[in-house]
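First up is the structure itself, then whatever we jot down about it.
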Amino acid sequence: AQSVAQPEDQVNVAEGNPLTVKCTYSVSGNPYLFWYVQYPNRGLQFLLKYITGDNLVKGSYGFEAEFNKSQTSFHLKKPSALVSDSALYFCAVRGPYGNNRLAFGKGNQVVVIP
Amino acid sequence: EAEVAQSPRYKITEKSQAVAFWCDPISGHATLYWYRQILGQGPELLVQFQDESVVDDSQLPKDRFSAERLKGVDSTLKIQPAELGDSAMYLCASRRGDPAETQYFGPGTRLLVL
């Protein structure tokens, strides 16, 4: 069964500094990888995904993520963090076959300090 | 931009009462999901529909939870009777049939059982 690990509970970063949120995964076959963001009392908003092709994926709000097959990682990055980026971030993975469910990590709380 | 609709946004009920949540997926999305999210954790799948058929309800507590998608469009999730431990965010999501497609989430229903 597929699974995701997000090793840090909280990521603190100063406004204007680079932001990285880590994610490693386990899945049978080629992975479909996703990042979502959640603000308080809201649903999950899609940021970006990797399906195939270029390992560097660009998404919404200036976020990008790099797929690394050898390290089974899909870390989320932003060159310059904003206070409004403070939220809960979820990495998710699905296998390519049938009705494989989307497995979510436990989430990382990002706090951007003004 | 099309969105997944959910209602109500908030629900307060007493234990042993019945509650129901409604979801209208993005038009054309054959796959519909119901998730439960405990505060501070990632979403956990309760049930997955493909059109009007249930394809995965292995995590649904069937003694008290039920879900239907009679015409393959909107869906209802019911809890009867509600228990204190059911207090959580209930999220609906939908996607097109291909596993590579993005799964989009609604705003959620926050349930509080007293």
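Every chain in the structure tokens has a letter given in the order shown (A, B, ...), and although residue numbers restart at 1 in each chain, ligands are simply numbered from 1 in the order shown.
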
### Task
Compute the chain A side of the contact with chain B at 10 Å, counting only C-alpha atoms, and hand it back as number ranges by chain.
A: 9, 31-34, 36, 38, 40-46, 48-52, 88-92, 94-109

### Message
DSSP on the backbone, strand (DSSP E) only: what residues of chain B does that give? Format it as number ranges by chain.
### Response
B: 5-7, 10-13, 19-24, 31-37, 44-50, 53-56, 65-68, 75-79, 88-95, 104-105, 109-113

Could those selected residues go to a file with C-alpha atoms, as an mmCIF file, in the first residue's frame?
```cif
data_model
loop_
_atom_site.group_PDB
_atom_site.id
_atom_site.type_symbol
_atom_site.label_atom_id
_atom_site.label_comp_id
_atom_site.auth_asym_id
_atom_site.auth_seq_id
_atom_site.Cartn_x
_atom_site.Cartn_y
_atom_site.Cartn_z
ATOM 1 C CA ALA B 5 -19.889 22.180 -3.182
ATOM 2 C CA GLN B 6 -20.666 20.953 0.326
ATOM 3 C CA SER B 7 -23.358 21.752 2.868
ATOM 4 C CA TYR B 10 -20.900 23.706 10.158
ATOM 5 C CA LYS B 11 -23.079 21.301 12.131
ATOM 6 C CA ILE B 12 -23.552 20.967 15.873
ATOM 7 C CA THR B 13 -25.508 17.975 17.124
ATOM 8 C CA VAL B 19 -26.680 13.964 10.810
ATOM 9 C CA ALA B 20 -26.345 14.185 7.046
ATOM 10 C CA PHE B 21 -23.873 15.941 4.788
ATOM 11 C CA TRP B 22 -24.325 16.753 1.117
ATOM 12 C CA CYS B 23 -21.763 17.049 -1.679
ATOM 13 C CA ASP B 24 -22.051 18.161 -5.296
ATOM 14 C CA THR B 31 -15.072 9.676 -9.021
ATOM 15 C CA LEU B 32 -16.264 11.042 -5.683
ATOM 16 C CA TYR B 33 -14.672 10.662 -2.248
ATOM 17 C CA TRP B 34 -15.689 11.282 1.336
ATOM 18 C CA TYR B 35 -12.890 11.864 3.840
ATOM 19 C CA ARG B 36 -12.763 12.453 7.570
ATOM 20 C CA GLN B 37 -10.082 14.740 8.944
ATOM 21 C CA GLU B 44 -8.611 9.602 5.898
ATOM 22 C CA LEU B 45 -10.727 8.037 3.187
ATOM 23 C CA LEU B 46 -14.176 6.865 4.259
ATOM 24 C CA VAL B 47 -15.724 5.911 0.913
ATOM 25 C CA GLN B 48 -15.015 6.192 -2.812
ATOM 26 C CA PHE B 49 -17.621 6.149 -5.578
ATOM 27 C CA GLN B 50 -17.154 5.530 -9.271
ATOM 28 C CA SER B 53 -21.085 2.469 -7.415
ATOM 29 C CA VAL B 54 -19.062 2.135 -4.225
ATOM 30 C CA VAL B 55 -15.531 0.985 -5.078
ATOM 31 C CA ASP B 56 -13.912 1.356 -1.645
ATOM 32 C CA PHE B 65 -22.154 5.534 8.654
ATOM 33 C CA SER B 66 -23.808 5.261 5.254
ATOM 34 C CA ALA B 67 -23.181 6.948 1.912
ATOM 35 C CA GLU B 68 -25.046 7.063 -1.339
ATOM 36 C CA SER B 75 -23.818 12.372 -2.760
ATOM 37 C CA THR B 76 -24.976 12.182 0.854
ATOM 38 C CA LEU B 77 -23.037 10.917 3.866
ATOM 39 C CA LYS B 78 -25.078 10.031 6.942
ATOM 40 C CA ILE B 79 -24.155 9.264 10.529
ATOM 41 C CA ALA B 88 -14.174 16.164 12.806
ATOM 42 C CA MET B 89 -14.052 17.864 9.405
ATOM 43 C CA TYR B 90 -15.813 15.878 6.676
ATOM 44 C CA LEU B 91 -14.380 16.560 3.243
ATOM 45 C CA CYS B 92 -15.764 15.689 -0.156
ATOM 46 C CA ALA B 93 -13.523 15.486 -3.211
ATOM 47 C CA SER B 94 -13.929 14.592 -6.859
ATOM 48 C CA ARG B 95 -11.818 13.881 -9.930
ATOM 49 C CA TYR B 104 -10.331 18.617 -5.964
ATOM 50 C CA PHE B 105 -11.755 19.195 -2.511
ATOM 51 C CA THR B 109 -18.341 20.330 6.890
ATOM 52 C CA ARG B 110 -17.126 20.876 10.438
ATOM 53 C CA LEU B 111 -19.093 18.554 12.764
ATOM 54 C CA LEU B 112 -19.234 18.989 16.525
ATOM 55 C CA VAL B 113 -20.981 16.302 18.543
#
```

May I have the residues within 9 Å of A:Ala81 as a compact mmCIF listing (two decimals) with C-alpha atoms, in the first residue's frame, using only C-alpha atoms and disregarding those fewer than 6 positions away in the same chain?
```txt
# COMPACT_ATOMS: atom_id res chain seq x y z
CA VAL A 13 10.84 30.41 8.27
CA ALA A 14 11.41 34.14 8.16
CA GLU A 15 9.51 36.14 5.57
CA GLY A 16 11.57 36.46 2.40
CA ASN A 17 13.65 33.35 3.11
CA PRO A 18 13.43 30.14 1.09
CA LEU A 19 10.80 27.64 2.24
CA VAL A 112 6.23 32.37 8.22
```

### Message
Considering only C-alpha atoms, can you say which of B:Gly28, B:Ala18, B:Arg96, B:Leu114 comes closest to B:Leu84?
### Response
B:Leu114

### Task
Might you pull out every residue within 7 Å of A:Thr72, with only C-alpha atoms counted and same-chain residues fewer than 3 positions away left off, and present them as number ranges by chain?
A: 24-25, 68-69

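The two atoms in question, atom CA of A:Val37 and atom CA of A:Val93, are spaced 14.7 Å apart.
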
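Proximity to A:Val21 at 7 Å, evaluated using only C-alpha atoms and with sequence-adjacent residues fewer than 6 positions away removed, yields His75, Leu76 and Lys77 of chain A.
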
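The spacing separating atom CA of B:Ser87 from atom CA of B:Ile38 amounts to 7.8 Å.
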
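Interatomic distance, atom CA of A:Cys23 to atom CA of A:Trp35: 9.5 Å.
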
### Message
Can you tell me which residues surround A:Asn12 at a distance of at most 8 Å, considering only C-alpha atoms, apart from same-chain residues fewer than 5 positions away, and format the answer as a VMD selection string?
### Response
chain A and resid 110 to 113

Next, write the just-selected residues to a file, as an mmCIF file, in the first residue's frame, keeping C-alpha atoms as the atom set.
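Just written: again-v4.cif:
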```
data_model
loop_
_atom_site.group_PDB
_atom_site.id
_atom_site.type_symbol
_atom_site.label_atom_id
_atom_site.label_comp_id
_atom_site.auth_asym_id
_atom_site.auth_seq_id
_atom_site.Cartn_x
_atom_site.Cartn_y
_atom_site.Cartn_z
ATOM 1 C CA VAL A 110 4.329 26.187 8.050
ATOM 2 C CA VAL A 111 4.779 29.369 10.052
ATOM 3 C CA VAL A 112 6.228 32.369 8.225
ATOM 4 C CA ILE A 113 7.564 34.920 10.681
#
```

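In this comparison, which uses only C-alpha atoms, the residue of A:Gln2, A:Phe63, A:Lys58, A:Lys78 approaching A:Asn30 most closely is A:Gln2.
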